[in-house]
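A.B. asks: Just one file: final.cif, with mmCIF, C-alpha atoms.
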data_work
#
loop_
_atom_site.group_PDB
_atom_site.id
_atom_site.type_symbol
_atom_site.label_atom_id
_atom_site.label_comp_id
_atom_site.auth_asym_id
_atom_site.auth_seq_id
_atom_site.Cartn_x
_atom_site.Cartn_y
_atom_site.Cartn_z
ATOM 1 C CA MET A 79 24.904 -117.276 -7.158
ATOM 2 C CA SER A 80 23.577 -115.717 -10.353
ATOM 3 C CA ARG A 81 23.660 -117.102 -13.873
ATOM 4 C CA TRP A 82 24.910 -113.846 -15.354
ATOM 5 C CA ARG A 83 28.136 -114.078 -17.279
ATOM 6 C CA PRO A 84 30.047 -111.222 -18.800
ATOM 7 C CA PRO A 85 29.665 -111.046 -22.574
ATOM 8 C CA PRO A 86 32.468 -112.631 -24.586
ATOM 9 C CA PRO A 87 34.940 -110.296 -26.256
ATOM 10 C CA ARG A 88 33.721 -109.055 -29.628
ATOM 11 C CA SER A 89 35.148 -110.974 -32.544
ATOM 12 C CA THR A 90 36.862 -109.229 -35.421
ATOM 13 C CA ALA A 91 34.361 -108.213 -38.094
ATOM 14 C CA ILE A 92 36.413 -109.313 -41.098
ATOM 15 C CA ILE A 93 35.684 -112.097 -43.558
ATOM 16 C CA THR A 94 36.806 -113.457 -46.921
ATOM 17 C CA ARG A 95 34.579 -113.008 -49.971
ATOM 18 C CA ALA A 96 33.791 -116.752 -50.043
ATOM 19 C CA GLY A 97 32.850 -116.710 -46.352
ATOM 20 C CA PHE A 98 30.634 -113.646 -46.827
ATOM 21 C CA ASP A 99 28.835 -115.258 -49.768
ATOM 22 C CA ALA A 100 28.347 -118.464 -47.738
ATOM 23 C CA LEU A 101 26.774 -116.541 -44.823
ATOM 24 C CA LYS A 102 24.433 -114.675 -47.176
ATOM 25 C CA ALA A 103 23.450 -117.967 -48.827
ATOM 26 C CA GLU A 104 22.799 -119.527 -45.397
ATOM 27 C CA LEU A 105 20.589 -116.595 -44.378
ATOM 28 C CA ASP A 106 18.673 -116.797 -47.645
ATOM 29 C CA HIS A 107 18.194 -120.565 -47.296
ATOM 30 C CA LEU A 108 17.002 -120.295 -43.691
ATOM 31 C CA TRP A 109 14.589 -117.440 -44.368
ATOM 32 C CA ARG A 110 13.154 -118.413 -47.760
ATOM 33 C CA GLU A 111 13.230 -122.221 -47.693
ATOM 34 C CA LEU A 112 13.703 -123.857 -44.296
ATOM 35 C CA ARG A 113 11.647 -121.503 -42.108
ATOM 36 C CA PRO A 114 8.477 -121.705 -44.294
ATOM 37 C CA GLU A 115 8.707 -125.521 -44.282
ATOM 38 C CA VAL A 116 9.022 -125.616 -40.489
ATOM 39 C CA VAL A 117 6.125 -123.157 -40.060
ATOM 40 C CA LYS A 118 3.884 -125.387 -42.224
ATOM 41 C CA ALA A 119 4.891 -128.486 -40.257
ATOM 42 C CA LEU A 120 4.320 -126.613 -36.982
ATOM 43 C CA ALA A 121 0.834 -125.540 -38.081
ATOM 44 C CA ALA A 122 0.000 -129.126 -39.061
ATOM 45 C CA ALA A 123 1.259 -130.412 -35.707
ATOM 46 C CA ALA A 124 -0.725 -127.746 -33.835
ATOM 47 C CA ALA A 125 -3.884 -128.792 -35.663
ATOM 48 C CA GLU A 126 -3.596 -132.330 -34.282
ATOM 49 C CA GLY A 127 -4.956 -131.316 -30.912
ATOM 50 C CA ASP A 128 -3.429 -131.523 -27.444
ATOM 51 C CA ARG A 129 -0.112 -129.709 -27.686
ATOM 52 C CA SER A 130 1.191 -130.761 -24.296
ATOM 53 C CA GLU A 131 1.606 -134.384 -25.451
ATOM 54 C CA ASN A 132 2.401 -133.649 -29.084
ATOM 55 C CA ALA A 133 6.085 -134.428 -29.679
ATOM 56 C CA GLU A 134 5.980 -133.185 -33.269
ATOM 57 C CA TYR A 135 4.662 -129.798 -32.112
ATOM 58 C CA THR A 136 7.332 -129.528 -29.408
ATOM 59 C CA TYR A 137 10.101 -130.484 -31.830
ATOM 60 C CA ARG A 138 8.966 -128.041 -34.528
ATOM 61 C CA LYS A 139 8.586 -125.214 -32.002
ATOM 62 C CA LYS A 140 12.162 -125.780 -30.830
ATOM 63 C CA GLN A 141 13.413 -126.011 -34.427
ATOM 64 C CA LEU A 142 11.668 -122.748 -35.323
ATOM 65 C CA GLY A 143 13.320 -121.030 -32.353
ATOM 66 C CA GLU A 144 16.763 -122.236 -33.467
ATOM 67 C CA ILE A 145 16.166 -121.001 -37.012
ATOM 68 C CA ASP A 146 14.929 -117.620 -35.773
ATOM 69 C CA ARG A 147 17.933 -117.266 -33.468
ATOM 70 C CA ARG A 148 20.361 -117.944 -36.342
ATOM 71 C CA VAL A 149 18.457 -115.621 -38.701
ATOM 72 C CA ARG A 150 18.558 -112.851 -36.095
ATOM 73 C CA TYR A 151 22.319 -113.340 -35.606
ATOM 74 C CA LEU A 152 23.084 -113.382 -39.342
ATOM 75 C CA SER A 153 20.841 -110.369 -39.992
ATOM 76 C CA LYS A 154 22.841 -108.340 -37.487
ATOM 77 C CA ARG A 155 26.282 -109.782 -38.283
ATOM 78 C CA ILE A 156 26.339 -109.627 -42.099
ATOM 79 C CA PRO A 157 25.978 -105.821 -42.380
ATOM 80 C CA SER A 158 28.773 -105.292 -39.840
ATOM 81 C CA LEU A 159 31.309 -107.497 -41.673
ATOM 82 C CA LYS A 160 34.109 -106.073 -43.791
ATOM 83 C CA VAL A 161 35.068 -108.239 -46.746
ATOM 84 C CA ALA A 162 38.842 -108.479 -47.207
ATOM 85 C CA GLU A 163 39.511 -108.927 -50.889
ATOM 86 C CA GLY A 164 42.780 -109.273 -52.717
ATOM 87 C CA VAL A 165 46.152 -110.095 -51.258
ATOM 88 C CA PRO A 166 48.471 -107.875 -49.243
ATOM 89 C CA THR A 167 51.317 -106.104 -50.968
ATOM 90 C CA ASP A 168 53.838 -107.968 -48.793
ATOM 91 C CA ARG A 169 53.142 -111.596 -49.729
ATOM 92 C CA ASP A 170 56.056 -112.943 -47.689
ATOM 93 C CA ALA A 171 54.493 -112.057 -44.328
ATOM 94 C CA VAL A 172 51.490 -113.624 -42.574
ATOM 95 C CA PHE A 173 48.314 -111.539 -42.810
ATOM 96 C CA PHE A 174 44.571 -112.229 -42.973
ATOM 97 C CA GLY A 175 43.789 -114.800 -45.686
ATOM 98 C CA ALA A 176 47.241 -116.394 -45.634
ATOM 99 C CA SER A 177 47.899 -120.096 -45.607
ATOM 100 C CA LEU A 178 50.879 -120.831 -43.434
ATOM 101 C CA GLU A 179 52.766 -123.955 -42.622
ATOM 102 C CA VAL A 180 54.138 -123.998 -39.093
ATOM 103 C CA GLU A 181 56.332 -126.463 -37.276
ATOM 104 C CA ASN A 182 56.033 -126.973 -33.537
ATOM 105 C CA ILE A 183 59.631 -126.616 -32.383
ATOM 106 C CA ASP A 184 59.145 -128.814 -29.316
ATOM 107 C CA SER A 185 57.353 -131.752 -30.958
ATOM 108 C CA GLY A 186 58.477 -131.415 -34.567
ATOM 109 C CA GLU A 187 54.890 -131.675 -35.867
ATOM 110 C CA THR A 188 53.925 -129.550 -38.858
ATOM 111 C CA HIS A 189 50.485 -128.103 -39.557
ATOM 112 C CA VAL A 190 48.990 -125.993 -42.321
ATOM 113 C CA TYR A 191 46.542 -123.283 -41.279
ATOM 114 C CA ARG A 192 44.590 -120.644 -43.130
ATOM 115 C CA ILE A 193 43.777 -117.428 -41.276
ATOM 116 C CA VAL A 194 40.120 -116.501 -41.813
ATOM 117 C CA GLY A 195 37.397 -114.532 -40.048
ATOM 118 C CA PRO A 196 35.750 -115.859 -36.866
ATOM 119 C CA ASP A 197 32.516 -116.628 -38.758
ATOM 120 C CA GLU A 198 34.147 -119.010 -41.228
ATOM 121 C CA THR A 199 36.503 -121.151 -39.147
ATOM 122 C CA ASP A 200 36.642 -124.848 -39.942
ATOM 123 C CA ALA A 201 38.954 -127.103 -37.942
ATOM 124 C CA LYS A 202 38.728 -129.958 -40.473
ATOM 125 C CA LYS A 203 40.101 -127.703 -43.209
ATOM 126 C CA GLY A 204 42.661 -126.076 -40.917
ATOM 127 C CA TRP A 205 40.961 -122.676 -41.080
ATOM 128 C CA ILE A 206 41.613 -120.759 -37.874
ATOM 129 C CA SER A 207 40.175 -117.458 -36.706
ATOM 130 C CA VAL A 208 42.255 -114.325 -36.930
ATOM 131 C CA ASP A 209 41.293 -113.915 -33.244
ATOM 132 C CA SER A 210 42.858 -117.247 -32.211
ATOM 133 C CA PRO A 211 46.040 -117.166 -30.111
ATOM 134 C CA LEU A 212 48.049 -118.948 -32.808
ATOM 135 C CA ALA A 213 46.951 -116.585 -35.579
ATOM 136 C CA ARG A 214 47.516 -113.479 -33.452
ATOM 137 C CA ALA A 215 51.040 -114.640 -32.621
ATOM 138 C CA ALA A 216 51.801 -115.533 -36.261
ATOM 139 C CA LEU A 217 50.628 -112.247 -37.809
ATOM 140 C CA LYS A 218 53.409 -110.313 -39.584
ATOM 141 C CA LYS A 219 55.860 -113.213 -39.251
ATOM 142 C CA ARG A 220 57.830 -114.412 -42.275
ATOM 143 C CA ALA A 221 59.198 -117.789 -43.343
ATOM 144 C CA ASP A 222 61.851 -119.114 -40.924
ATOM 145 C CA GLU A 223 60.741 -116.758 -38.144
ATOM 146 C CA GLU A 224 59.981 -118.218 -34.725
ATOM 147 C CA PHE A 225 57.122 -117.193 -32.460
ATOM 148 C CA GLU A 226 55.407 -118.299 -29.267
ATOM 149 C CA ALA A 227 51.681 -118.735 -28.714
ATOM 150 C CA GLU A 228 49.736 -119.286 -25.510
ATOM 151 C CA LEU A 229 47.508 -122.249 -26.413
ATOM 152 C CA PRO A 230 44.970 -124.051 -24.193
ATOM 153 C CA GLY A 231 47.544 -126.789 -23.592
ATOM 154 C CA GLY A 232 50.186 -124.276 -22.559
ATOM 155 C CA ARG A 233 52.824 -122.151 -24.207
ATOM 156 C CA ALA A 234 54.180 -123.518 -27.495
ATOM 157 C CA ARG A 235 56.966 -122.415 -29.820
ATOM 158 C CA PHE A 236 56.566 -122.496 -33.593
ATOM 159 C CA VAL A 237 58.525 -121.630 -36.695
ATOM 160 C CA VAL A 238 56.838 -120.495 -39.918
ATOM 161 C CA THR A 239 58.026 -122.745 -42.741
ATOM 162 C CA SER A 240 55.992 -121.194 -45.594
ATOM 163 C CA VAL A 241 53.424 -118.487 -46.341
ATOM 164 C CA THR A 242 51.143 -118.533 -49.395
ATOM 165 C CA TYR A 243 48.108 -116.620 -50.643
ATOM 166 C CA GLY A 244 45.411 -117.711 -53.072
ATOM 167 C CA HIS A 245 43.373 -120.808 -52.261
ATOM 168 C CA ARG A 246 41.558 -123.579 -54.057
ATOM 169 C CA ASP A 247 38.745 -123.643 -51.455
ATOM 170 C CA GLN A 248 37.757 -119.978 -51.483
#
Could you take the file, read its structure, and then write that structure out as structure tokens?
C.D. replies:
Amino acid sequence: MSRWRPPPPRSTAIITRAGFDALKAELDHLWRELRPEVVKALAAAAAEGDRSENAEYTYRKKQLGEIDRRVRYLSKRIPSLKVAEGVPTDRDAVFFGASLEVENIDSGETHVYRIVGPDETDAKKGWISVDSPLARAALKKRADEEFEAELPGGRARFVVTSVTYGHRDQ
């Protein structure tokens, strides 16, 4: 049995202006501030002698690899992203960047979600990826329209209770 796995489906290369600026700031911080600090600490740990029993050296080497992996990803991802600015002409329908309140028809629970790019999702804030099953099913729906989404827990029915654009947290 091999370890090979097929690559995951490519995520949509769209992002909000705030998300784009945050990714650029993260790349800048990693490359100009954090990486040089880790390289200095790694050099100091390497100078201590036997590297095979040097926990500081091992830790810093691993940390440097994680930073380099993230820098490599961001360096490739940022140029491929398209920043979606402004609001759509039809502000009553759900599109990228919308905040929508939905009610689960079966349980009666209501949730507020914001549809953002895959690189800026945040479950605590209720920001879901435009690639998520819920967002895909909700796109182009209007207030009081019902839709179904295939979620990990099974099929669920929702109704859109409100759609808004423009956010405090952008």
A.B. asks: Selected by the PyMOL selection byres ((chain A and resi 218) around 7) in the shown coordinates: which residues, as a PDB file with C-alpha atoms, keeping the file's coordinate frame?
C.D. replies:
ATOM      1  CA  ALA A 171      54.493-112.057 -44.328  1.00  0.00           C
ATOM      2  CA  VAL A 172      51.490-113.624 -42.574  1.00  0.00           C
ATOM      3  CA  PHE A 173      48.314-111.539 -42.810  1.00  0.00           C
ATOM      4  CA  ALA A 216      51.801-115.533 -36.261  1.00  0.00           C
ATOM      5  CA  LEU A 217      50.628-112.247 -37.809  1.00  0.00           C
ATOM      6  CA  LYS A 219      55.860-113.213 -39.251  1.00  0.00           C
ATOM      7  CA  ARG A 220      57.830-114.412 -42.275  1.00  0.00           C
TER       8      ARG A 220
END
A.B. asks: When the PyMOL selection byres ((chain A and resi 160-164) around 8) is applied to the file above, which residues end up in the set, as an mmCIF file with C-alpha atoms, in the frame of the given file?
C.D. replies:
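Now in expr_21.cif:
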data_model
loop_
_atom_site.group_PDB
_atom_site.id
_atom_site.type_symbol
_atom_site.label_atom_id
_atom_site.label_comp_id
_atom_site.auth_asym_id
_atom_site.auth_seq_id
_atom_site.Cartn_x
_atom_site.Cartn_y
_atom_site.Cartn_z
ATOM 1 C CA ALA A 91 34.361 -108.213 -38.094
ATOM 2 C CA ILE A 92 36.413 -109.313 -41.098
ATOM 3 C CA ILE A 93 35.684 -112.097 -43.558
ATOM 4 C CA THR A 94 36.806 -113.457 -46.921
ATOM 5 C CA ARG A 95 34.579 -113.008 -49.971
ATOM 6 C CA PHE A 98 30.634 -113.646 -46.827
ATOM 7 C CA SER A 158 28.773 -105.292 -39.840
ATOM 8 C CA LEU A 159 31.309 -107.497 -41.673
ATOM 9 C CA VAL A 165 46.152 -110.095 -51.258
ATOM 10 C CA PRO A 166 48.471 -107.875 -49.243
#
A.B. asks: Using only C-alpha atoms, which residue out of A:Val238, A:Arg155, A:Gly231, A:Gly244 lies closest to Arg88 of chain A?
C.D. replies: A:Arg155
A.B. asks: Residues at most 8 Å from Val194 of chain A, counting all atoms listed in the file, excluding those fewer than 3 positions away in the same chain, as a list of chain:residue names?
C.D. replies: A:Ile93, A:Thr94, A:Phe174, A:Gly175, A:Glu198, A:Thr199, A:Trp205, A:Ile206, A:Ser207, A:Val208
A.B. asks: Considering all atoms listed in the file, state which residue in the set A:Leu152, A:Lys203, A:Ser130, A:Ala227 is at the smallest distance from His107 of chain A.
C.D. replies: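 Ranked by minimum distance to His107 of chain A, first place goes to A:Leu152.
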A.B. asks: Do a neighbour search on Val117 of chain A at 12 Å with all atoms listed in the file, toss out local chain neighbours closer than 4 positions, and write the hits as number ranges by chain.
C.D. replies: A: 108-113, 121-124, 135, 137-143, 145-146
A.B. asks: With the PyMOL selection byres ((chain A and resi 211) around 8) as the selection, what would be picked from this file? Answer as a list in words, please.
C.D. replies: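 Applied to this file, the PyMOL selection byres ((chain A and resi 211) around 8) selects Asp209, Ser210, Leu212, Ala213, Arg214, Ala215, Ala227, Glu228 and Leu229 of chain A.
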A.B. asks: In Å to one decimal, how far is atom CA of Asp99 of chain A from atom CA of Pro157 of chain A?
C.D. replies: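 The value is 12.3 Å.
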A.B. asks: Pick the closest to Val180 of chain A from A:Lys202, A:Asp197, A:Gly127, A:Val237: which is it, counting all atoms listed in the file?
C.D. replies: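 Closest candidate: A:Val237.
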A.B. asks: Could you check the closest approach to Glu181 of chain A for each of A:Ala201, A:Ala133, A:Ala234, A:Ile193 and tell me which residue wins, using all atoms listed in the file?
C.D. replies: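 That would be A:Ala234, the residue with the smallest distance to Glu181 of chain A.
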A.B. asks: Report, in Å with one decimal, the straight-line distance from atom CA of Ala176 of chain A to atom CA of Arg192 of chain A.
C.D. replies: 5.6 Å
A.B. asks: Let me make sure I understand: among A:Asp106, A:Val116, A:Pro85, A:Gly204, which one has the smallest atom-to-atom distance to Glu144 of chain A if we use only C-alpha atoms?
C.D. replies: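 The answer is A:Val116, which sits nearest to Glu144 of chain A.
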A.B. asks: Quote the spacing between atom CA of Arg148 of chain A and atom CA of Arg81 of chain A in Å to one decimal place.
C.D. replies: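 Rounded to one decimal, the two atoms are 22.7 Å apart.
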A.B. asks: Go through A:Ala119, A:Val149, A:Val190, A:Ile183 and flag the residue nearest Arg235 of chain A, using only C-alpha atoms for the distances.
C.D. replies: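 The closest residue to Arg235 of chain A is A:Ile183.
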A.B. asks: For segment 99-114 of chain A, take all atoms listed in the file, fit an axis-aligned box around them, add 3 Å to each of the six sides, then output centre and edge lengths in Å rounded to one decimal, as JSON.
C.D. replies:
{"center_x": 18.7, "center_y": -119.3, "center_z": -45.9, "size_x": 26.4, "size_y": 15.2, "size_z": 13.7}
